[in-house]
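Visitor: Submitted below is the structure of interest, expressed as structure tokens.
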Amino acid sequence: MEERVLEWDYEIEGKDFRNAGKVSSKVKEIMKELGFDPDFVRGVAIASYEAEMNVVCHAEKGTLHFAILPETLRIVVQDKGPGIPDIDLAMQEGYSTAPLEIREMGFGAGMGLPNMKKNTDELDISSTVGEGTVVEMLIRTPPSKERSE
Amino acid sequence: MQLWEIKGILEAELLWEPVDLQLEIETAEAADLMSDVLSQSIGGELLLTGLINSQVIRTAEMVDIKAITFIHGKRPDAKTIALAQQKGILLLTTNLFLFEACARLAMRGLTGSSGTIW
């Protein structure tokens, strides 16, 4: 089978709660159209959505890069924002710096990063305080029998 | 359980139509914290919640929730309802409070999600 890479790039606006989730919705639609297993799609959509919501909630703006590689999915979310001073602390379940307005929307419970980790095979976070954060997620695709291309 | 049964048990109103009243709903979950909904490996097909912002619809979309019931007579705004309609997520509103709505459905046999980690 010919190996190919499919890639998409999207922009995410900080504080644009009305459109928050739109990018992950597109990621999910692409995966559904390509025939990935629904349980697998849900896990990827959750990881993507959590990362997207982090940009909307905390950053000025950001981008989401989605690539379908031969055996892996790659999602890179990069933002211009306050950065994360202590990544280990941010990875702890329940730790959150989200303001009240975000908590009122049902987010900011300190589950975002742990939830991304749970739904991905590799999660790499690098951050510079005052500049921004890069989150890279790799998810191994299920065996091809579960795809109907 | 089919949607028409849930609608009847909760004395609920549909927020957009037409919908398939014979839609099968096998499991339900209740949460006001969307983070909790997203952190469940296997969620319910019906979400009962007191939140009415558009993130409820987006969250439901990500985890394949088929229908949402807003409790305490709450109604999202028109844009949020339109988003749900566009995504095919059914919306109901009931005057019941969360506990009573959950209890009624549970007593009639609707179960929660298993919580199994996949």
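Letters for chains follow the order of the structure tokens (A, B, ...), residue numbers begin at 1 for each chain, and ligand numbers begin at 1 in the order shown.
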Residues of chain A within 10 Å of chain B, using only C-alpha atoms, as a PyMOL selection string?
Guide: chain A and resi 17-22+24-25+28+38-39+41-50+53+103-112+114-116+118-119
Visitor: Deliver the residues from the most recent selection as a file, using C-alpha atoms, as an mmCIF file, in the first residue's frame.
Guide:
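The file below, result09.cif, is the result:
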data_model
loop_
_atom_site.group_PDB
_atom_site.id
_atom_site.type_symbol
_atom_site.label_atom_id
_atom_site.label_comp_id
_atom_site.auth_asym_id
_atom_site.auth_seq_id
_atom_site.Cartn_x
_atom_site.Cartn_y
_atom_site.Cartn_z
ATOM 1 C CA PHE A 17 -15.718 30.322 23.536
ATOM 2 C CA ARG A 18 -18.459 30.291 20.929
ATOM 3 C CA ASN A 19 -16.156 28.618 18.415
ATOM 4 C CA ALA A 20 -14.145 26.591 20.906
ATOM 5 C CA GLY A 21 -14.179 22.982 19.775
ATOM 6 C CA LYS A 22 -14.663 23.740 16.092
ATOM 7 C CA SER A 24 -11.476 19.301 17.051
ATOM 8 C CA SER A 25 -14.845 18.814 15.443
ATOM 9 C CA LYS A 28 -13.149 14.175 14.276
ATOM 10 C CA PRO A 38 -15.348 4.986 16.437
ATOM 11 C CA ASP A 39 -13.757 4.267 19.844
ATOM 12 C CA VAL A 41 -11.867 8.437 16.964
ATOM 13 C CA ARG A 42 -13.450 9.385 20.285
ATOM 14 C CA GLY A 43 -10.139 9.139 22.154
ATOM 15 C CA VAL A 44 -8.343 11.280 19.594
ATOM 16 C CA ALA A 45 -11.197 13.811 19.562
ATOM 17 C CA ILE A 46 -11.046 14.093 23.366
ATOM 18 C CA ALA A 47 -7.280 14.690 23.351
ATOM 19 C CA SER A 48 -7.594 17.251 20.566
ATOM 20 C CA TYR A 49 -10.518 19.021 22.227
ATOM 21 C CA GLU A 50 -8.772 19.243 25.599
ATOM 22 C CA MET A 53 -9.794 24.215 25.024
ATOM 23 C CA ARG A 103 -15.013 26.785 35.560
ATOM 24 C CA GLU A 104 -18.564 28.029 35.074
ATOM 25 C CA MET A 105 -18.492 26.493 31.603
ATOM 26 C CA GLY A 106 -17.706 23.098 33.040
ATOM 27 C CA PHE A 107 -13.951 23.207 32.476
ATOM 28 C CA GLY A 108 -10.915 24.016 34.573
ATOM 29 C CA ALA A 109 -11.158 20.972 36.800
ATOM 30 C CA GLY A 110 -7.508 20.164 36.263
ATOM 31 C CA MET A 111 -8.239 17.160 34.072
ATOM 32 C CA GLY A 112 -7.150 18.508 30.676
ATOM 33 C CA PRO A 114 -4.031 14.125 32.364
ATOM 34 C CA ASN A 115 -6.861 13.407 29.956
ATOM 35 C CA MET A 116 -4.651 14.141 26.945
ATOM 36 C CA LYS A 118 -4.674 9.069 28.862
ATOM 37 C CA ASN A 119 -5.849 9.274 25.261
#
Visitor: Counting only C-alpha atoms, what are the residues of range 64-126 of chain A within 12 Å of range 30-35 of chain A, and for each of them which pair of atoms is the nearest and at what distance in Å, to one decimal? Sort the table by chain and rising number, as JSON lines.
Guide:
{"residue": "A:Phe66", "atom": "CA", "partner": "A:Ile30", "partner_atom": "CA", "distance": 10.1}
{"residue": "A:Ala67", "atom": "CA", "partner": "A:Met31", "partner_atom": "CA", "distance": 10.8}
{"residue": "A:Ile68", "atom": "CA", "partner": "A:Met31", "partner_atom": "CA", "distance": 9.2}
{"residue": "A:Leu73", "atom": "CA", "partner": "A:Met31", "partner_atom": "CA", "distance": 10.2}
Visitor: Need to verify the contact set: Arg108 in chain B, 12 Å, only C-alpha atoms, exclusion of same-chain residues closer than 2 positions in sequence. Can you return it as a count of residues only?
Guide: 16
Visitor: What's the 8 Å shell around Ala67 in chain B, counting only C-alpha atoms, without same-chain residues fewer than 6 positions away, as a list in words?
Guide: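 Near neighbours after the sequence-gap exclusion: Glu45, Leu46, Leu47, Ile89, Leu90, Leu91 and Leu92 of chain B.
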Visitor: Atoms to include: all heavy atoms. Write the selected residues as a compact mmCIF listing (two decimals), in the first residue's frame.
Guide:
# COMPACT_ATOMS: atom_id res chain seq x y z
N GLU B 45 -24.93 7.54 26.52
CA GLU B 45 -25.47 8.05 25.26
C GLU B 45 -26.40 9.23 25.51
O GLU B 45 -26.72 9.98 24.60
CB GLU B 45 -26.20 6.93 24.54
CG GLU B 45 -25.25 5.84 24.10
CD GLU B 45 -25.95 4.68 23.45
OE1 GLU B 45 -27.16 4.47 23.72
OE2 GLU B 45 -25.31 3.99 22.67
N LEU B 46 -26.86 9.36 26.75
CA LEU B 46 -27.69 10.50 27.15
C LEU B 46 -26.95 11.23 28.26
O LEU B 46 -26.50 10.61 29.22
CB LEU B 46 -29.04 10.01 27.67
CG LEU B 46 -29.92 11.07 28.35
CD1 LEU B 46 -30.47 12.06 27.32
CD2 LEU B 46 -31.06 10.42 29.12
N LEU B 47 -26.83 12.53 28.12
CA LEU B 47 -26.20 13.35 29.17
C LEU B 47 -27.26 14.21 29.84
O LEU B 47 -28.02 14.90 29.15
CB LEU B 47 -25.12 14.26 28.56
CG LEU B 47 -24.54 15.33 29.49
CD1 LEU B 47 -23.71 14.71 30.62
CD2 LEU B 47 -23.68 16.31 28.69
N ILE B 89 -27.41 16.19 17.53
CA ILE B 89 -27.52 15.83 18.95
C ILE B 89 -28.88 16.30 19.46
O ILE B 89 -29.20 17.49 19.41
CB ILE B 89 -26.37 16.47 19.77
CG1 ILE B 89 -25.03 15.92 19.27
CG2 ILE B 89 -26.55 16.19 21.26
CD1 ILE B 89 -23.81 16.67 19.77
N LEU B 90 -29.68 15.36 19.94
CA LEU B 90 -31.04 15.70 20.36
C LEU B 90 -31.03 16.43 21.69
O LEU B 90 -30.23 16.12 22.57
CB LEU B 90 -31.87 14.42 20.49
CG LEU B 90 -31.80 13.45 19.30
CD1 LEU B 90 -32.79 12.32 19.47
CD2 LEU B 90 -32.07 14.18 18.00
N LEU B 91 -31.92 17.40 21.82
CA LEU B 91 -31.98 18.19 23.06
C LEU B 91 -33.36 18.12 23.68
O LEU B 91 -34.37 18.26 22.99
CB LEU B 91 -31.66 19.66 22.77
CG LEU B 91 -30.30 20.01 22.17
CD1 LEU B 91 -30.17 21.52 22.00
CD2 LEU B 91 -29.17 19.48 23.03
N LEU B 92 -33.36 17.90 24.99
CA LEU B 92 -34.62 17.92 25.74
C LEU B 92 -34.45 18.83 26.95
O LEU B 92 -33.34 19.02 27.43
CB LEU B 92 -34.99 16.52 26.25
CG LEU B 92 -35.17 15.42 25.23
CD1 LEU B 92 -34.02 14.45 25.33
CD2 LEU B 92 -36.48 14.69 25.44
Visitor: Could you go through chain B and tell me which residues DSSP, when run on the backbone, assigns to strand (DSSP E), listing them as a list of chain:residue names?
Guide: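 Across chain B, those assigned strand (DSSP E) are B:Glu13, B:Leu14, B:Thr27, B:Ala28, B:Glu29, B:Ala30, B:Leu46, B:Leu47, B:Leu48, B:Thr49, B:Ala67, B:Ile68, B:Thr69, B:Phe70, B:Leu90, B:Leu91, B:Leu92, B:Thr93, B:Thr111, B:Gly112.
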Visitor: Mind checking which residues fall within 8 Å of Leu98 in chain B, counting only C-alpha atoms, ignoring those fewer than 5 positions away in the same chain, and posting them as a list in words?
Guide: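 Surrounding residues, per the criterion: Ala30, Leu48, Thr49, Gly50, Ile71 and His72 of chain B.
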Visitor: Next, dump the selected residues to file, keeping only C-alpha atoms, as a PDB file, in the first residue's frame.
Guide:
ATOM      1  CA  ALA B  30     -25.085  13.124  34.579  1.00  0.00           C
ATOM      2  CA  LEU B  48     -28.201  15.030  31.906  1.00  0.00           C
ATOM      3  CA  THR B  49     -26.798  18.401  32.857  1.00  0.00           C
ATOM      4  CA  GLY B  50     -27.527  21.810  34.297  1.00  0.00           C
ATOM      5  CA  ILE B  71     -32.651  19.934  33.962  1.00  0.00           C
ATOM      6  CA  HIS B  72     -34.588  22.472  36.021  1.00  0.00           C
TER       7      HIS B  72
END
Visitor: Hey, what's within 7 Å of Thr133 in chain A if we count only C-alpha atoms and toss same-chain stuff fewer than 3 positions away? As a short mmCIF file (atom, residue, chain, number, x, y, z; two decimals) with all heavy atoms, in the first residue's frame, please?
Guide:
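Resulting contents of part.cif:
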data_model
loop_
_atom_site.label_atom_id
_atom_site.label_comp_id
_atom_site.auth_asym_id
_atom_site.auth_seq_id
_atom_site.Cartn_x
_atom_site.Cartn_y
_atom_site.Cartn_z
N GLN A 78 0.12 24.53 19.31
CA GLN A 78 1.12 25.53 19.69
C GLN A 78 0.39 26.83 20.01
O GLN A 78 -0.48 27.23 19.24
CB GLN A 78 2.04 25.72 18.48
CG GLN A 78 3.24 26.54 18.77
CD GLN A 78 4.33 26.30 17.73
OE1 GLN A 78 4.12 25.61 16.73
NE2 GLN A 78 5.49 26.88 17.95
N ASP A 79 0.74 27.46 21.11
CA ASP A 79 0.04 28.71 21.41
C ASP A 79 0.97 29.83 21.82
O ASP A 79 2.12 29.60 22.21
CB ASP A 79 -1.05 28.50 22.47
CG ASP A 79 -0.50 28.29 23.87
OD1 ASP A 79 0.37 29.06 24.31
OD2 ASP A 79 -0.96 27.33 24.53
N LYS A 80 0.43 31.04 21.66
CA LYS A 80 1.10 32.24 22.16
C LYS A 80 0.31 32.60 23.42
O LYS A 80 -0.88 32.93 23.35
CB LYS A 80 0.99 33.34 21.11
CG LYS A 80 1.74 34.59 21.46
CD LYS A 80 1.75 35.53 20.25
CE LYS A 80 2.49 36.82 20.60
NZ LYS A 80 1.64 37.95 20.82
N GLY A 83 2.19 30.47 29.01
CA GLY A 83 3.08 29.35 29.27
C GLY A 83 2.73 28.65 30.57
O GLY A 83 1.87 29.10 31.33
N SER A 126 6.21 21.34 25.93
CA SER A 126 7.31 22.26 26.22
C SER A 126 6.72 23.66 26.32
O SER A 126 5.78 24.00 25.59
CB SER A 126 8.38 22.18 25.13
OG SER A 126 7.80 22.42 23.88
N SER A 127 7.21 24.42 27.25
CA SER A 127 6.58 25.70 27.52
C SER A 127 7.60 26.73 27.98
O SER A 127 8.53 26.41 28.70
CB SER A 127 5.51 25.50 28.59
OG SER A 127 4.75 26.68 28.72
N THR A 128 7.41 27.95 27.53
CA THR A 128 8.23 29.06 28.00
C THR A 128 7.30 30.10 28.60
O THR A 128 6.38 30.58 27.91
CB THR A 128 9.02 29.69 26.82
OG1 THR A 128 9.71 28.66 26.13
CG2 THR A 128 9.98 30.75 27.31
#
Visitor: Check the smallest atom-to-atom distance from each of A:Gly130, A:Pro143, A:Val135, A:Glu122 to Ile87 in chain A using only C-alpha atoms, then report the winner.
Guide: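 Nearest candidate to Ile87 in chain A out of A:Gly130, A:Pro143, A:Val135, A:Glu122: A:Val135.
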Visitor: What's the 8 Å shell around Ile81 in chain B, counting only C-alpha atoms, without same-chain residues fewer than 5 positions away, as a PDB file with C-alpha atoms, in the first residue's frame?
Guide:
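This went into out-v3.pdb:
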ATOM      1  CA  LEU B  15     -35.814  21.667  21.830  1.00  0.00           C
ATOM      2  CA  TRP B  16     -35.538  20.958  18.133  1.00  0.00           C
ATOM      3  CA  PRO B  76     -29.712  27.027  25.869  1.00  0.00           C
ATOM      4  CA  LEU B  91     -31.979  18.187  23.058  1.00  0.00           C
TER       5      LEU B  91
END
Visitor: For CA of Val134 in chain A and CA of Arg4 in chain A, determine how far apart the two atoms are, in Å to one decimal place.
Guide: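 According to the coordinates, CA of Val134 in chain A and CA of Arg4 in chain A are separated by 25.0 Å.
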